[in-house]
file run-v8.txt (compact mmCIF, C-alpha atoms)
# COMPACT_ATOMS: atom_id res chain seq x y z
CA MET V 860 5.53 -2.71 -21.55
CA VAL V 861 8.10 -0.39 -19.96
CA SER V 862 5.68 0.63 -17.20
CA GLU V 863 5.30 -2.99 -16.05
CA GLU V 864 9.06 -3.51 -16.18
CA LEU V 865 9.55 -0.30 -14.23
CA ILE V 866 7.25 -1.57 -11.49
CA MET V 867 9.15 -4.87 -11.39
CA LEU V 868 12.47 -3.01 -11.10
CA TYR V 869 11.00 -0.80 -8.38
CA LEU V 870 9.84 -3.82 -6.37
CA ARG V 871 13.11 -5.68 -6.88
CA HIS V 872 15.14 -2.61 -5.91
CA PHE V 873 13.58 -2.46 -2.44
CA GLY V 874 13.02 -6.21 -2.05
CA LEU V 875 9.25 -5.82 -2.15
CA GLN V 876 6.81 -8.52 -3.18
CA GLN V 877 4.03 -5.99 -3.80
CA THR V 878 3.49 -2.25 -3.53
CA PRO V 879 2.95 -1.41 0.17
CA PHE V 880 1.25 1.97 -0.12
CA SER V 881 -1.52 1.60 -2.65
CA LEU V 882 -4.59 3.83 -2.26
CA THR V 883 -6.92 0.85 -2.78
CA PRO V 884 -8.39 -0.20 0.60
CA ASN V 885 -6.89 -3.71 0.62
CA THR V 886 -7.66 -5.48 3.91
CA ALA V 887 -4.52 -7.60 3.46
CA PHE V 888 -2.69 -4.39 4.43
CA TYR V 889 -4.98 -3.59 7.35
CA VAL V 890 -3.02 -2.19 10.31
CA ASP V 891 -4.70 -2.65 13.67
CA LEU V 892 -4.35 0.97 14.79
CA PRO V 893 -5.81 1.76 18.24
CA GLN V 894 -8.64 3.87 16.83
CA HIS V 895 -9.54 1.26 14.19
CA HIS V 896 -9.39 -1.52 16.79
CA GLU V 897 -11.67 0.46 19.11
CA ALA V 898 -14.06 1.30 16.27
CA LEU V 899 -14.33 -2.39 15.28
CA GLU V 900 -15.03 -3.31 18.90
CA VAL V 901 -17.77 -0.66 19.07
CA LEU V 902 -19.29 -1.94 15.82
CA THR V 903 -19.25 -5.63 16.72
CA THR V 904 -20.54 -4.99 20.24
CA ALA V 905 -23.40 -2.81 18.99
CA LEU V 906 -24.34 -5.35 16.32
CA ASP V 907 -24.20 -8.23 18.80
CA VAL V 908 -26.64 -6.51 21.16
CA GLY V 909 -28.99 -5.68 18.29
CA GLU V 910 -28.88 -1.87 18.29
CA GLY V 911 -30.60 -0.09 15.40
CA PHE V 912 -28.22 2.63 14.17
CA ILE V 913 -24.43 2.69 14.54
CA LYS V 914 -22.33 5.54 13.13
CA VAL V 915 -18.62 5.86 12.34
CA THR V 916 -17.35 9.22 11.11
CA GLY V 917 -13.95 10.60 10.23
CA GLU V 918 -12.19 13.03 7.94
CA VAL V 919 -11.44 12.10 4.34
CA GLY V 920 -8.71 9.47 4.21
CA THR V 921 -8.87 8.30 7.84
CA GLY V 922 -9.67 4.71 6.88
CA LYS V 923 -13.46 4.46 6.94
CA THR V 924 -13.72 2.32 3.82
CA MET V 925 -10.91 0.04 5.00
CA LEU V 926 -12.74 -0.35 8.31
CA CYS V 927 -15.99 -1.01 6.46
CA ARG V 928 -14.42 -3.79 4.40
CA LYS V 929 -12.74 -5.24 7.48
CA LEU V 930 -16.11 -5.38 9.23
CA MET V 931 -17.72 -7.16 6.27
CA ASN V 932 -14.84 -9.63 5.95
CA GLU V 933 -15.12 -10.56 9.62
CA ALA V 934 -18.91 -10.72 9.74
CA ALA V 935 -20.34 -13.42 11.95
CA ASP V 936 -21.97 -16.42 10.29
CA ASP V 937 -25.44 -15.29 11.36
CA TRP V 938 -25.08 -11.83 9.79
CA VAL V 939 -26.62 -11.04 6.41
CA ILE V 940 -24.71 -8.04 5.04
CA ALA V 941 -26.33 -5.58 2.63
CA TYR V 942 -23.74 -3.08 1.38
CA ILE V 943 -24.49 0.21 -0.39
CA PRO V 944 -21.31 2.06 -1.44
CA ASP V 945 -23.03 4.87 -3.37
CA PRO V 946 -25.78 6.35 -1.19
CA TYR V 947 -26.84 9.22 -3.46
CA LEU V 948 -30.20 7.53 -3.99
CA SER V 949 -33.85 8.49 -3.80
CA PRO V 950 -35.94 6.72 -1.11
CA LEU V 951 -37.33 4.30 -3.70
CA GLU V 952 -33.87 3.63 -5.15
CA LEU V 953 -32.56 2.95 -1.65
CA ARG V 954 -35.31 0.39 -1.02
CA TRP V 955 -34.65 -1.30 -4.35
CA ALA V 956 -30.90 -1.38 -3.70
CA PHE V 957 -31.55 -2.92 -0.29
CA ALA V 958 -33.97 -5.44 -1.80
CA ALA V 959 -31.39 -6.45 -4.40
CA GLU V 960 -28.77 -6.99 -1.67
CA LEU V 961 -31.23 -9.31 0.08
CA GLY V 962 -31.73 -11.29 -3.11
CA LEU V 963 -35.22 -9.99 -3.89
CA LYS V 964 -35.93 -9.74 -7.61
CA GLN V 965 -39.40 -8.54 -8.41
CA ALA V 966 -41.06 -6.83 -11.36
CA ASP V 967 -40.58 -3.08 -11.54
CA MET V 968 -44.34 -2.70 -11.71
CA ILE V 969 -44.84 -3.14 -7.94
CA ASP V 970 -45.41 0.08 -6.05
CA ASN V 971 -43.56 1.46 -3.05
CA GLN V 972 -45.97 -0.03 -0.51
CA GLN V 973 -45.67 -3.49 -2.04
CA LEU V 974 -41.88 -3.17 -2.03
CA VAL V 975 -41.87 -2.31 1.68
CA GLN V 976 -44.09 -5.33 2.35
CA LEU V 977 -41.74 -7.59 0.40
CA LEU V 978 -38.79 -6.25 2.42
CA GLN V 979 -40.65 -6.85 5.68
CA HIS V 980 -41.53 -10.41 4.72
CA ARG V 981 -37.91 -11.08 3.75
CA LEU V 982 -36.61 -9.62 7.01
CA VAL V 983 -39.09 -11.66 9.05
CA ALA V 984 -38.06 -14.83 7.19
CA LEU V 985 -34.37 -14.17 7.82
CA ALA V 986 -35.06 -13.46 11.51
CA ALA V 987 -36.89 -16.80 11.73
CA GLU V 988 -33.72 -18.46 10.42
CA GLY V 989 -31.74 -16.81 13.22
CA LYS V 990 -30.10 -14.27 10.90
CA ARG V 991 -29.24 -10.65 11.69
CA VAL V 992 -29.59 -8.26 8.75
CA VAL V 993 -27.03 -5.47 8.70
CA LEU V 994 -27.30 -2.63 6.17
CA ILE V 995 -23.92 -0.90 5.72
CA ILE V 996 -23.85 2.46 3.95
CA ASP V 997 -20.52 4.01 2.99
CA GLU V 998 -20.15 7.76 2.32
CA ALA V 999 -23.39 8.26 4.26
CA GLN V 1000 -22.95 12.03 4.35
CA ALA V 1001 -24.16 11.98 0.72
CA LEU V 1002 -27.58 10.54 1.59
CA PRO V 1003 -30.33 12.99 0.52
CA ASP V 1004 -32.57 14.29 3.31
CA ASP V 1005 -35.65 12.34 2.26
CA THR V 1006 -33.55 9.18 1.87
CA LEU V 1007 -32.24 9.57 5.42
CA GLU V 1008 -35.83 9.73 6.62
CA ALA V 1009 -36.75 6.67 4.52
CA LEU V 1010 -33.82 4.86 6.12
CA ARG V 1011 -35.17 5.69 9.58
CA LEU V 1012 -38.57 4.35 8.62
CA LEU V 1013 -37.02 1.10 7.40
CA THR V 1014 -35.66 0.50 10.90
CA ASN V 1015 -39.23 0.61 12.24
CA LEU V 1016 -39.59 -2.93 10.94
CA GLU V 1017 -39.34 -5.09 14.05
CA THR V 1018 -40.80 -7.97 16.02
CA GLU V 1019 -41.80 -7.79 19.67
CA GLN V 1020 -38.37 -9.15 20.58
CA ARG V 1021 -35.92 -7.24 18.38
CA LYS V 1022 -35.23 -5.04 15.40
CA LEU V 1023 -35.35 -6.74 12.02
CA LEU V 1024 -32.71 -4.41 10.61
CA GLN V 1025 -29.53 -2.80 11.91
CA VAL V 1026 -27.84 0.06 10.06
CA VAL V 1027 -24.17 1.06 10.07
CA LEU V 1028 -23.37 4.50 8.66
CA PHE V 1029 -19.82 5.36 7.59
CA GLY V 1030 -19.42 9.04 6.75
CA GLN V 1031 -17.45 12.24 6.87
CA PRO V 1032 -17.94 14.81 9.67
CA GLU V 1033 -20.61 16.48 7.54
CA LEU V 1034 -22.86 13.57 8.52
CA ASP V 1035 -22.57 14.57 12.20
CA LYS V 1036 -23.45 18.16 11.34
CA ARG V 1037 -26.54 17.09 9.41
CA LEU V 1038 -27.77 14.77 12.13
CA ALA V 1039 -27.32 17.56 14.68
CA SER V 1040 -30.06 19.56 12.97
CA TYR V 1041 -33.58 19.68 14.42
CA LYS V 1042 -35.16 17.96 11.41
CA PHE V 1043 -33.17 14.77 12.04
CA ARG V 1044 -33.73 14.60 15.80
CA GLN V 1045 -35.71 11.34 15.51
CA LEU V 1046 -32.95 9.59 13.59
CA ARG V 1047 -30.27 11.11 15.83
CA GLN V 1048 -31.93 9.61 18.92
CA ARG V 1049 -31.76 6.17 17.32
CA VAL V 1050 -27.97 6.31 16.91
CA SER V 1051 -27.05 4.29 19.98
CA PHE V 1052 -23.33 3.81 19.23
CA SER V 1053 -20.95 6.12 17.39
CA TYR V 1054 -17.22 6.48 16.89
CA LEU V 1055 -15.06 9.32 15.53
CA LEU V 1056 -11.87 8.30 13.73
CA ARG V 1057 -8.87 10.55 14.33
CA GLY V 1058 -5.51 10.99 12.64
CA MET V 1059 -2.51 8.92 13.67
CA THR V 1060 0.09 9.99 16.20
CA TYR V 1061 3.77 9.95 15.27
CA ASP V 1062 4.25 6.55 16.93
CA GLU V 1063 1.23 5.21 15.07
CA VAL V 1064 2.59 6.50 11.75
CA GLN V 1065 5.84 4.65 12.47
CA ALA V 1066 3.95 1.45 13.22
CA TYR V 1067 1.67 1.90 10.19
CA VAL V 1068 4.53 2.40 7.72
CA SER V 1069 6.59 -0.41 9.24
CA THR V 1070 3.71 -2.90 9.28
CA ARG V 1071 2.67 -2.24 5.68
CA SER V 1072 6.31 -2.55 4.57
CA GLU V 1073 6.61 -5.89 6.35
CA ILE V 1074 3.37 -7.16 4.81
CA ALA V 1075 4.82 -6.23 1.40
CA GLY V 1076 7.87 -8.40 2.15
CA VAL V 1077 10.49 -6.01 3.57
CA ARG V 1078 12.10 -6.36 6.99
CA HIS V 1079 14.65 -3.51 6.84
CA PRO V 1080 13.61 0.16 7.34
CA LEU V 1081 12.58 1.78 4.08
CA PHE V 1082 12.37 5.25 5.66
CA SER V 1083 14.84 7.17 7.77
CA PRO V 1084 13.66 8.54 11.14
CA GLY V 1085 13.62 12.03 9.63
CA ALA V 1086 11.52 10.84 6.71
CA LEU V 1087 8.99 9.26 9.10
CA LYS V 1088 8.70 12.52 11.03
CA ALA V 1089 8.17 14.36 7.75
CA ILE V 1090 5.45 11.90 6.72
CA TRP V 1091 3.64 12.46 10.03
CA LYS V 1092 4.00 16.25 9.81
CA TYR V 1093 2.86 16.62 6.21
CA SER V 1094 0.07 14.01 6.35
CA ARG V 1095 -1.41 15.14 9.70
CA GLY V 1096 -1.62 11.44 10.48
CA ILE V 1097 -4.21 10.76 7.77
CA PRO V 1098 -3.61 7.22 6.41
CA ARG V 1099 -4.41 8.07 2.80
CA LEU V 1100 -1.90 10.93 2.76
CA VAL V 1101 0.65 8.71 4.52
CA ASN V 1102 0.24 6.25 1.64
CA VAL V 1103 0.59 8.96 -1.02
CA LEU V 1104 3.71 10.51 0.54
CA SER V 1105 5.33 7.14 1.28
CA HIS V 1106 4.80 5.93 -2.28
CA LYS V 1107 6.19 9.12 -3.82
CA GLY V 1108 9.15 9.03 -1.44
CA LEU V 1109 9.95 5.46 -2.49
CA MET V 1110 9.72 6.40 -6.16
CA LEU V 1111 12.14 9.29 -5.67
CA ALA V 1112 14.58 7.10 -3.73
CA PHE V 1113 14.31 4.45 -6.46
CA GLY V 1114 15.07 7.06 -9.11
CA GLU V 1115 18.25 7.99 -7.24
CA ASN V 1116 19.19 4.32 -6.76
CA LYS V 1117 18.89 4.62 -2.97
CA LEU V 1118 17.50 1.93 -0.69
CA GLN V 1119 16.07 4.26 1.94
CA VAL V 1120 13.82 7.31 1.74
CA ASP V 1121 15.24 10.38 3.47
CA THR V 1122 13.83 13.75 4.53
CA LYS V 1123 14.77 15.38 1.23
CA HIS V 1124 12.63 12.90 -0.71
CA LEU V 1125 9.67 13.63 1.56
CA ARG V 1126 10.02 17.38 1.12
CA TYR V 1127 9.86 16.91 -2.64
CA ALA V 1128 6.94 14.49 -2.31
CA ALA V 1129 5.03 16.91 -0.06
CA LYS V 1130 5.45 19.80 -2.47
CA ASP V 1131 3.90 17.66 -5.18
CA THR V 1132 0.94 16.48 -3.05
CA GLU V 1133 -2.38 18.21 -2.53
CA ASP V 1134 -3.78 18.67 0.97
CA VAL V 1135 -0.54 18.32 2.93
CA GLN V 1136 0.28 20.44 5.96
CA GLN V 1137 2.23 22.97 3.91
CA HIS V 1138 -0.75 24.29 1.93
CA SER V 1139 1.14 27.37 0.76
CA TYR V 1140 3.73 25.42 -1.24
CA VAL V 1141 3.41 25.31 -4.99
CA LEU V 1142 5.41 22.92 -7.11
CA SER V 1143 8.15 24.95 -8.79
CA ASP V 1144 9.35 24.42 -12.35
CA VAL V 1145 12.74 23.32 -11.01
CA LEU V 1146 11.18 20.72 -8.71
CA ARG V 1147 8.82 19.55 -11.43
CA GLY V 1148 11.82 19.09 -13.69
CA LEU V 1149 13.60 17.11 -10.99
CA LEU V 1150 10.67 14.73 -10.53
CA VAL V 1151 10.29 14.26 -14.26
CA SER V 1152 14.03 13.61 -14.72
CA VAL V 1153 14.03 11.06 -11.89
CA LEU V 1154 11.12 9.12 -13.35
CA VAL V 1155 12.43 9.40 -16.91
CA GLY V 1156 15.78 8.11 -15.70
CA ALA V 1157 14.10 5.19 -14.01
CA ALA V 1158 12.09 4.46 -17.14
CA ALA V 1159 15.28 4.58 -19.21
CA ALA V 1160 16.88 2.10 -16.83
CA ALA V 1161 13.89 -0.17 -17.22
CA TRP V 1162 14.18 0.02 -21.00
CA TYR V 1163 17.92 -0.71 -20.83
CA PHE V 1164 17.39 -3.83 -18.72
CA ARG V 1165 14.57 -4.88 -21.01
CA GLU V 1166 16.96 -4.83 -23.95
CA LEU V 1167 19.44 -6.94 -21.97
CA TRP V 1168 16.77 -9.51 -21.13
CA ILE V 1169 15.55 -9.88 -24.72

call {"tool": "encode", "arguments": {"input": "run-v8.txt", "output": "structure tokens"}}
result
Amino acid sequence: MVSEELIMLYLRHFGLQQTPFSLTPNTAFYVDLPQHHEALEVLTTALDVGEGFIKVTGEVGTGKTMLCRKLMNEAADDWVIAYIPDPYLSPLELRWAFAAELGLKQADMIDNQQLVQLLQHRLVALAAEGKRVVLIIDEAQALPDDTLEALRLLTNLETEQRKLLQVVLFGQPELDKRLASYKFRQLRQRVSFSYLLRGMTYDEVQAYVSTRSEIAGVRHPLFSPGALKAIWKYSRGIPRLVNVLSHKGLMLAFGENKLQVDTKHLRYAAKDTEDVQQHSYVLSDVLRGLLVSVLVGAAAAAWYFRELWI
């Protein structure tokens, strides 16, 4: 297909082995930014000392899911990880999801009390084996109120020596606002460690773009200094937006047969990207035509080379 050939031409044009700015949280492209390094240290320290609730919050696109996957990939041998990526669950659904992660498969006919007892027995058995059970919930700001309370009650399961369950919550700032309310004061008091992810500085954006490019197989600068400043300005240092802008900039440079992205490419990319710093910009018909012509030209080139290869 032309699309596959276009991707191959794009990679070959820049000397890339793989696309460096995908939106998929691939830990192979993890960049050890200061805030992510600090957050991982907070998480591992809190889990090592056996604290009940740990919370990591940050704006959309600041790398929470990447950090979550990094934590799971580097879990200690004595950790048993239960991961819930979609937390919009009722209390009973949450308990069943947790039970399934722990390998419990029971008939649906058991009631809620029996399910809690099964979970407790499983947690006690794992503790006897020297295991630490860690429940990780991504997008935790979406947890319903009664499910948040059910989660707090789950952490009541303990021995005289330690908690049987530790919980890590990854969420957007809305989670902090909810926990600040009076009704969640009991849960809030159990959050012993927390970390707030911030956007990247200009120097961090430079390091981020350079590191991901190197991981993808390129040693020469793919972006001019002006383009890097534009990426930082338009993205506000948010990794997801840095990826979006960098990828679009590379596509535009590829369409013009250039080996480096310049400021002009980033201006065009920003005008075609939602949620950049310049919120008032709207993609004009002229610009839209330019982007279309660039990509059509690249596709035509791919088709031409395909005919030569056949």

call {"tool": "closest_atom_pairs", "arguments": {"input": "run-v8.txt", "of": "region 879-957 of chain V", "to": "region 999-1020 of chain V", "cutoff": "10 Å", "atoms": "all atoms listed in the file", "output": "tab-separated table"}}
result
residue	atom	partner	partner_atom	distance
V:Gly911	CA	V:Thr1014	CA	6.8
V:Phe912	CA	V:Thr1014	CA	8.4
V:Lys914	CA	V:Ala999	CA	9.3
V:Val915	CA	V:Ala999	CA	9.7
V:Thr916	CA	V:Ala999	CA	9.2
V:Ile943	CA	V:Ala999	CA	9.4
V:Pro944	CA	V:Ala999	CA	8.7
V:Asp945	CA	V:Ala1001	CA	8.3
V:Pro946	CA	V:Leu1002	CA	5.3
V:Tyr947	CA	V:Leu1002	CA	5.3
V:Leu948	CA	V:Leu1002	CA	6.9
V:Ser949	CA	V:Thr1006	CA	5.7
V:Pro950	CA	V:Thr1006	CA	4.5
V:Leu951	CA	V:Thr1006	CA	8.3
V:Glu952	CA	V:Thr1006	CA	9.0
V:Leu953	CA	V:Thr1006	CA	7.2
V:Arg954	CA	V:Ala1009	CA	8.5

call {"tool": "residues_around", "arguments": {"input": "run-v8.txt", "residues": "Trp1091 (chain V)", "least_positions_apart": "4", "cutoff": "6 Å", "atoms": "only C-alpha atoms", "output": "list in words"}}
result
Tyr1061, Arg1095 and Gly1096 of chain V

call {"tool": "closest_residue", "arguments": {"input": "run-v8.txt", "among": "V:Gln972, V:Ser1051, V:Ser1094, V:Ser1069", "to": "Gln1025 (chain V)", "atoms": "only C-alpha atoms"}}
result
V:Ser1051

call {"tool": "closest_residue", "arguments": {"input": "run-v8.txt", "among": "V:Glu960, V:Asp937, V:Glu998, V:Glu1133", "to": "Leu985 (chain V)", "atoms": "all atoms listed in the file"}}
result
V:Asp937

call {"tool": "closest_residue", "arguments": {"input": "run-v8.txt", "among": "V:Gly989, V:Pro879, V:Gly874, V:Gly1030", "to": "Ile913 (chain V)", "atoms": "all atoms listed in the file"}}
result
V:Gly1030

call {"tool": "atom_distance", "arguments": {"input": "run-v8.txt", "atom1": "CA of Gly1058 (chain V)", "atom2": "CA of Ile1097 (chain V)"}}
result
5.0 Å

call {"tool": "closest_residue", "arguments": {"input": "run-v8.txt", "among": "V:Val1068, V:Val1050, V:Met925, V:Leu1125", "to": "Tyr1093 (chain V)", "atoms": "all atoms listed in the file"}}
result
V:Leu1125

call {"tool": "atom_distance", "arguments": {"input": "run-v8.txt", "atom1": "CA of Val901 (chain V)", "atom2": "CA of Leu930 (chain V)"}}
result
11.0 Å

call {"tool": "closest_residue", "arguments": {"input": "run-v8.txt", "among": "V:Val1027, V:Ala887, V:Leu892, V:Leu978", "to": "Tyr942 (chain V)", "atoms": "all atoms listed in the file"}}
result
V:Val1027

call {"tool": "atom_distance", "arguments": {"input": "run-v8.txt", "atom1": "CA of Thr924 (chain V)", "atom2": "CA of Leu1087 (chain V)"}}
result
24.3 Å

call {"tool": "closest_residue", "arguments": {"input": "run-v8.txt", "among": "V:Asn1116, V:Thr1070, V:Thr1122, V:Asn971", "to": "Phe880 (chain V)", "atoms": "all atoms listed in the file"}}
result
V:Thr1070

call {"tool": "residues_around", "arguments": {"input": "run-v8.txt", "residues": "Glu897 (chain V)", "least_positions_apart": "5", "cutoff": "12 Å", "atoms": "only C-alpha atoms", "output": "ChimeraX atom specification"}}
result
/V:891-892,902-904,915,926,1053-1057

call {"tool": "build_atoms", "arguments": {"input": "run-v8.txt", "residues": "region 884-898 of chain V", "atoms": "N, CA, C and O atoms", "output": "PDB file, keeping the file's coordinate frame"}}
result
ATOM      1  N   PRO V 884      -8.219   0.338  -0.754  1.00  0.00           N
ATOM      2  CA  PRO V 884      -8.390  -0.200   0.600  1.00  0.00           C
ATOM      3  C   PRO V 884      -8.324  -1.728   0.613  1.00  0.00           C
ATOM      4  O   PRO V 884      -9.342  -2.407   0.569  1.00  0.00           O
ATOM      5  N   ASN V 885      -7.116  -2.268   0.642  1.00  0.00           N
ATOM      6  CA  ASN V 885      -6.890  -3.710   0.620  1.00  0.00           C
ATOM      7  C   ASN V 885      -6.758  -4.196   2.062  1.00  0.00           C
ATOM      8  O   ASN V 885      -5.806  -3.841   2.769  1.00  0.00           O
ATOM      9  N   THR V 886      -7.688  -5.047   2.510  1.00  0.00           N
ATOM     10  CA  THR V 886      -7.660  -5.480   3.910  1.00  0.00           C
ATOM     11  C   THR V 886      -6.451  -6.361   4.233  1.00  0.00           C
ATOM     12  O   THR V 886      -6.150  -6.581   5.402  1.00  0.00           O
ATOM     13  N   ALA V 887      -5.759  -6.864   3.200  1.00  0.00           N
ATOM     14  CA  ALA V 887      -4.520  -7.600   3.460  1.00  0.00           C
ATOM     15  C   ALA V 887      -3.471  -6.678   4.089  1.00  0.00           C
ATOM     16  O   ALA V 887      -2.553  -7.146   4.768  1.00  0.00           O
ATOM     17  N   PHE V 888      -3.615  -5.375   3.859  1.00  0.00           N
ATOM     18  CA  PHE V 888      -2.690  -4.390   4.430  1.00  0.00           C
ATOM     19  C   PHE V 888      -3.311  -3.650   5.619  1.00  0.00           C
ATOM     20  O   PHE V 888      -2.840  -2.588   6.000  1.00  0.00           O
ATOM     21  N   TYR V 889      -4.352  -4.220   6.185  1.00  0.00           N
ATOM     22  CA  TYR V 889      -4.980  -3.590   7.350  1.00  0.00           C
ATOM     23  C   TYR V 889      -3.989  -3.548   8.513  1.00  0.00           C
ATOM     24  O   TYR V 889      -3.336  -4.538   8.832  1.00  0.00           O
ATOM     25  N   VAL V 890      -3.869  -2.366   9.128  1.00  0.00           N
ATOM     26  CA  VAL V 890      -3.020  -2.190  10.310  1.00  0.00           C
ATOM     27  C   VAL V 890      -3.950  -1.927  11.491  1.00  0.00           C
ATOM     28  O   VAL V 890      -4.790  -1.025  11.442  1.00  0.00           O
ATOM     29  N   ASP V 891      -3.790  -2.717  12.535  1.00  0.00           N
ATOM     30  CA  ASP V 891      -4.700  -2.650  13.670  1.00  0.00           C
ATOM     31  C   ASP V 891      -4.350  -1.452  14.571  1.00  0.00           C
ATOM     32  O   ASP V 891      -3.884  -1.622  15.702  1.00  0.00           O
ATOM     33  N   LEU V 892      -4.591  -0.251  14.029  1.00  0.00           N
ATOM     34  CA  LEU V 892      -4.350   0.970  14.790  1.00  0.00           C
ATOM     35  C   LEU V 892      -5.311   1.034  15.975  1.00  0.00           C
ATOM     36  O   LEU V 892      -6.419   0.486  15.908  1.00  0.00           O
ATOM     37  N   PRO V 893      -4.924   1.704  17.071  1.00  0.00           N
ATOM     38  CA  PRO V 893      -5.810   1.760  18.240  1.00  0.00           C
ATOM     39  C   PRO V 893      -7.211   2.255  17.921  1.00  0.00           C
ATOM     40  O   PRO V 893      -8.204   1.671  18.385  1.00  0.00           O
ATOM     41  N   GLN V 894      -7.314   3.341  17.112  1.00  0.00           N
ATOM     42  CA  GLN V 894      -8.640   3.870  16.830  1.00  0.00           C
ATOM     43  C   GLN V 894      -9.460   2.924  15.953  1.00  0.00           C
ATOM     44  O   GLN V 894     -10.679   2.807  16.116  1.00  0.00           O
ATOM     45  N   HIS V 895      -8.816   2.211  15.025  1.00  0.00           N
ATOM     46  CA  HIS V 895      -9.540   1.260  14.190  1.00  0.00           C
ATOM     47  C   HIS V 895      -9.942   0.030  15.006  1.00  0.00           C
ATOM     48  O   HIS V 895     -11.036  -0.526  14.816  1.00  0.00           O
ATOM     49  N   HIS V 896      -9.063  -0.396  15.902  1.00  0.00           N
ATOM     50  CA  HIS V 896      -9.390  -1.520  16.790  1.00  0.00           C
ATOM     51  C   HIS V 896     -10.587  -1.176  17.672  1.00  0.00           C
ATOM     52  O   HIS V 896     -11.518  -1.972  17.816  1.00  0.00           O
ATOM     53  N   GLU V 897     -10.561   0.027  18.250  1.00  0.00           N
ATOM     54  CA  GLU V 897     -11.670   0.460  19.110  1.00  0.00           C
ATOM     55  C   GLU V 897     -12.959   0.579  18.305  1.00  0.00           C
ATOM     56  O   GLU V 897     -14.039   0.179  18.782  1.00  0.00           O
ATOM     57  N   ALA V 898     -12.867   1.143  17.099  1.00  0.00           N
ATOM     58  CA  ALA V 898     -14.060   1.300  16.270  1.00  0.00           C
ATOM     59  C   ALA V 898     -14.666  -0.062  15.922  1.00  0.00           C
ATOM     60  O   ALA V 898     -15.893  -0.241  15.964  1.00  0.00           O
TER      61      ALA V 898
END
